[in-house]
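Here's the structure, in structure tokens; my notes come after.
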Amino acid sequence: MNLDTAFSALADPTRRAILARLAEGEATVMELAEPFEMTQPAISQHLKVLEEAGLVTHRVDGTRRPRRLAKGGIEAMDQWLAMLREALERNYNRLDKVLADMGHAKQPTAKRGQKR
Amino acid sequence: MSKLTLKTEADTHVVVTRRFATSPEAVYRAHTDPKLIQKWLLGPEGWTMPVCISEAKPGGKIRYEWADGKGRSFYLTGEYLELEPYNRIVHVERMHLPDPTPDNHVETRFDADGTGTLMTIRMTLPDAQTRAAMLATGMERGMEASYARLEAMIQGA
């Protein structure tokens, strides 16, 4: 897998969403086009980029050509999930600090409108 | 050891767990009091939440607006369905990008865990496609800083 090609393939949110969809299992162009409110040719164009980047592959089944994640695509999805965890963790690390500050504050009184 | 877990479950769920050192009451308040929410629910470095509406009662409105100070912004709206202080919150939410995403039904539990809290967030999306799109979008919004690091790493290679 060429990292550079893979990276520019991932730079587009629709293509990332297509990969996420394919992580659920294989799908045809028609099935992929449905949730994105895009035309099939537009989706086909995105799939072409993803295939060239080695993230998506297809098989031939009569007239259907269902797409699925290639090995590189699976690795890319794993990396995304790790990044999403990291992003959430950043929020919760901030929350840890907020909670620590709440603990140091005096017992809350019934009065509102503390000065800052 | 990471304190956070995130996994998909069946076709339409995403489950996140996280442990906190303080009581369920404090963690619950940090999730419902707008003044507290604004301090931590911010996403990537540099983003702030200039608008935070959180009417913590059944039927109460939720509205979070984020901005990066460089002209980029987006917002989330939702409604509270059930609140059991300091144990459980059920709400629905949707992102506006700017078109609204399908409703995400979210149950958040705060269970005492020793002297701390185990929080479990269980999201339910209408279908597998919506879940996939949400994870992809969440990644797009949330991971910006990580993504920039990856880019720098690849360009430096």
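We label chains A, B, ... in the order they appear in the structure tokens, count residues from 1 in each chain, and number ligands from 1 in the order shown.
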Distance table requested - chain A against chain B, cut-off 7 Å, only C-alpha atoms: one row per qualifying residue with the closest atom pair and its distance in Å to one decimal, ordered by chain and rising residue number, as a Markdown table.
```
| residue | atom | partner | partner_atom | distance |
| --- | --- | --- | --- | --- |
| A:Arg16 | CA | B:Ala136 | CA | 5.9 |
| A:Ala17 | CA | B:Ala136 | CA | 5.0 |
| A:Ala20 | CA | B:Ala132 | CA | 5.0 |
| A:Arg21 | CA | B:Ala132 | CA | 5.0 |
| A:Pro35 | CA | B:Gln129 | CA | 6.7 |
| A:Trp80 | CA | B:Met139 | CA | 6.6 |
| A:Met83 | CA | B:Met143 | CA | 5.7 |
| A:Leu84 | CA | B:Met139 | CA | 5.3 |
| A:Arg85 | CA | B:Leu6 | CA | 6.6 |
| A:Ala87 | CA | B:Gly142 | CA | 5.3 |
| A:Glu89 | CA | B:Leu4 | CA | 6.6 |
| A:Asn91 | CA | B:Leu41 | CA | 5.6 |
| A:Arg94 | CA | B:Trp40 | CA | 5.2 |
| A:Leu95 | CA | B:Trp40 | CA | 5.3 |
| A:Asp96 | CA | B:Phe20 | CA | 6.9 |
| A:Leu99 | CA | B:Ala26 | CA | 6.7 |
```
At a cut-off of 8 Å, using only C-alpha atoms, what residues contact stretch 68-70 of chain A? Leave out same-chain residues fewer than 4 positions from it and give the result as number ranges by chain. A: 19, 22-23, 25-27, 54-58, 74
Write the selection just made, keeping C-alpha atoms, as a PDB file, in the first residue's frame?
```pdb
ATOM      1  CA  LEU A  19     -14.860   2.849   4.217  1.00  0.00           C
ATOM      2  CA  LEU A  22     -17.699  -1.286   4.154  1.00  0.00           C
ATOM      3  CA  ALA A  23     -16.335  -2.120   7.600  1.00  0.00           C
ATOM      4  CA  GLY A  25     -19.608  -5.848   5.337  1.00  0.00           C
ATOM      5  CA  GLU A  26     -19.497  -5.838   1.547  1.00  0.00           C
ATOM      6  CA  ALA A  27     -21.882  -3.672  -0.442  1.00  0.00           C
ATOM      7  CA  GLY A  54      -5.452  -0.286  -2.126  1.00  0.00           C
ATOM      8  CA  LEU A  55      -8.125   0.367   0.512  1.00  0.00           C
ATOM      9  CA  VAL A  56     -11.069  -1.305  -1.256  1.00  0.00           C
ATOM     10  CA  THR A  57     -11.344  -4.336  -3.484  1.00  0.00           C
ATOM     11  CA  HIS A  58     -14.202  -5.993  -5.379  1.00  0.00           C
ATOM     12  CA  ILE A  74      -9.039  -2.571   7.457  1.00  0.00           C
TER      13      ILE A  74
END
```
Quote the spacing between atom CA of B:Tyr28 and atom CA of B:His13 in Å to one decimal place.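 Value for the atom CA of B:Tyr28-atom CA of B:His13 distance: 22.0 Å.
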If you measure from atom CA of A:Tyr92 to atom CA of B:Thr115, what distance in Å do you get, rounded to one decimal?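 Calculated distance between atom CA of A:Tyr92 and atom CA of B:Thr115 is 17.8 Å.
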Could you list, as a compact mmCIF listing (two decimals) with C-alpha atoms, in the first residue's frame, every residue within 10 Å of B:Gly60, counting only C-alpha atoms and ignoring same-chain residues fewer than 6 positions away?
```
# COMPACT_ATOMS: atom_id res chain seq x y z
CA ILE B 53 -27.83 25.13 26.38
CA SER B 54 -28.64 22.18 28.62
CA GLY B 78 -31.10 17.41 21.13
CA GLU B 79 -33.71 16.81 23.80
CA TYR B 80 -33.57 15.18 27.20
CA LEU B 81 -35.96 12.25 27.54
CA GLU B 82 -35.29 10.86 31.03
CA HIS B 91 -31.40 11.93 25.45
```
Please indicate the distance in Å from atom CA of A:Gly72 to atom CA of B:Met123, rounded to one decimal place.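 That distance, rounded to one decimal, is 28.0 Å.
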Could you give me, as a PDB file with N, CA and C atoms, in the first residue's frame, the residues within 6 Å of B:Thr12, counting only C-alpha atoms and dropping anything in the same chain fewer than 5 positions from it?
```pdb
ATOM      1  N   THR B 124     -27.627   4.449  20.204  1.00  0.00           N
ATOM      2  CA  THR B 124     -28.380   3.632  19.266  1.00  0.00           C
ATOM      3  C   THR B 124     -28.700   4.470  18.047  1.00  0.00           C
ATOM      4  N   LEU B 125     -28.236   4.022  16.894  1.00  0.00           N
ATOM      5  CA  LEU B 125     -28.484   4.720  15.641  1.00  0.00           C
ATOM      6  C   LEU B 125     -29.597   3.994  14.874  1.00  0.00           C
ATOM      7  N   ASP B 127     -29.806   2.770  11.890  1.00  0.00           N
ATOM      8  CA  ASP B 127     -29.403   1.602  11.111  1.00  0.00           C
ATOM      9  C   ASP B 127     -27.874   1.561  10.987  1.00  0.00           C
ATOM     10  N   ALA B 128     -27.379   0.469  10.420  1.00  0.00           N
ATOM     11  CA  ALA B 128     -25.929   0.259  10.347  1.00  0.00           C
ATOM     12  C   ALA B 128     -25.243   1.335   9.507  1.00  0.00           C
TER      13      ALA B 128
END
```
Per-residue DSSP, chain B, filtered to alpha helix (DSSP H), as a PyMOL selection string: chain B and resi 24-32+34-40+128-142+144-156
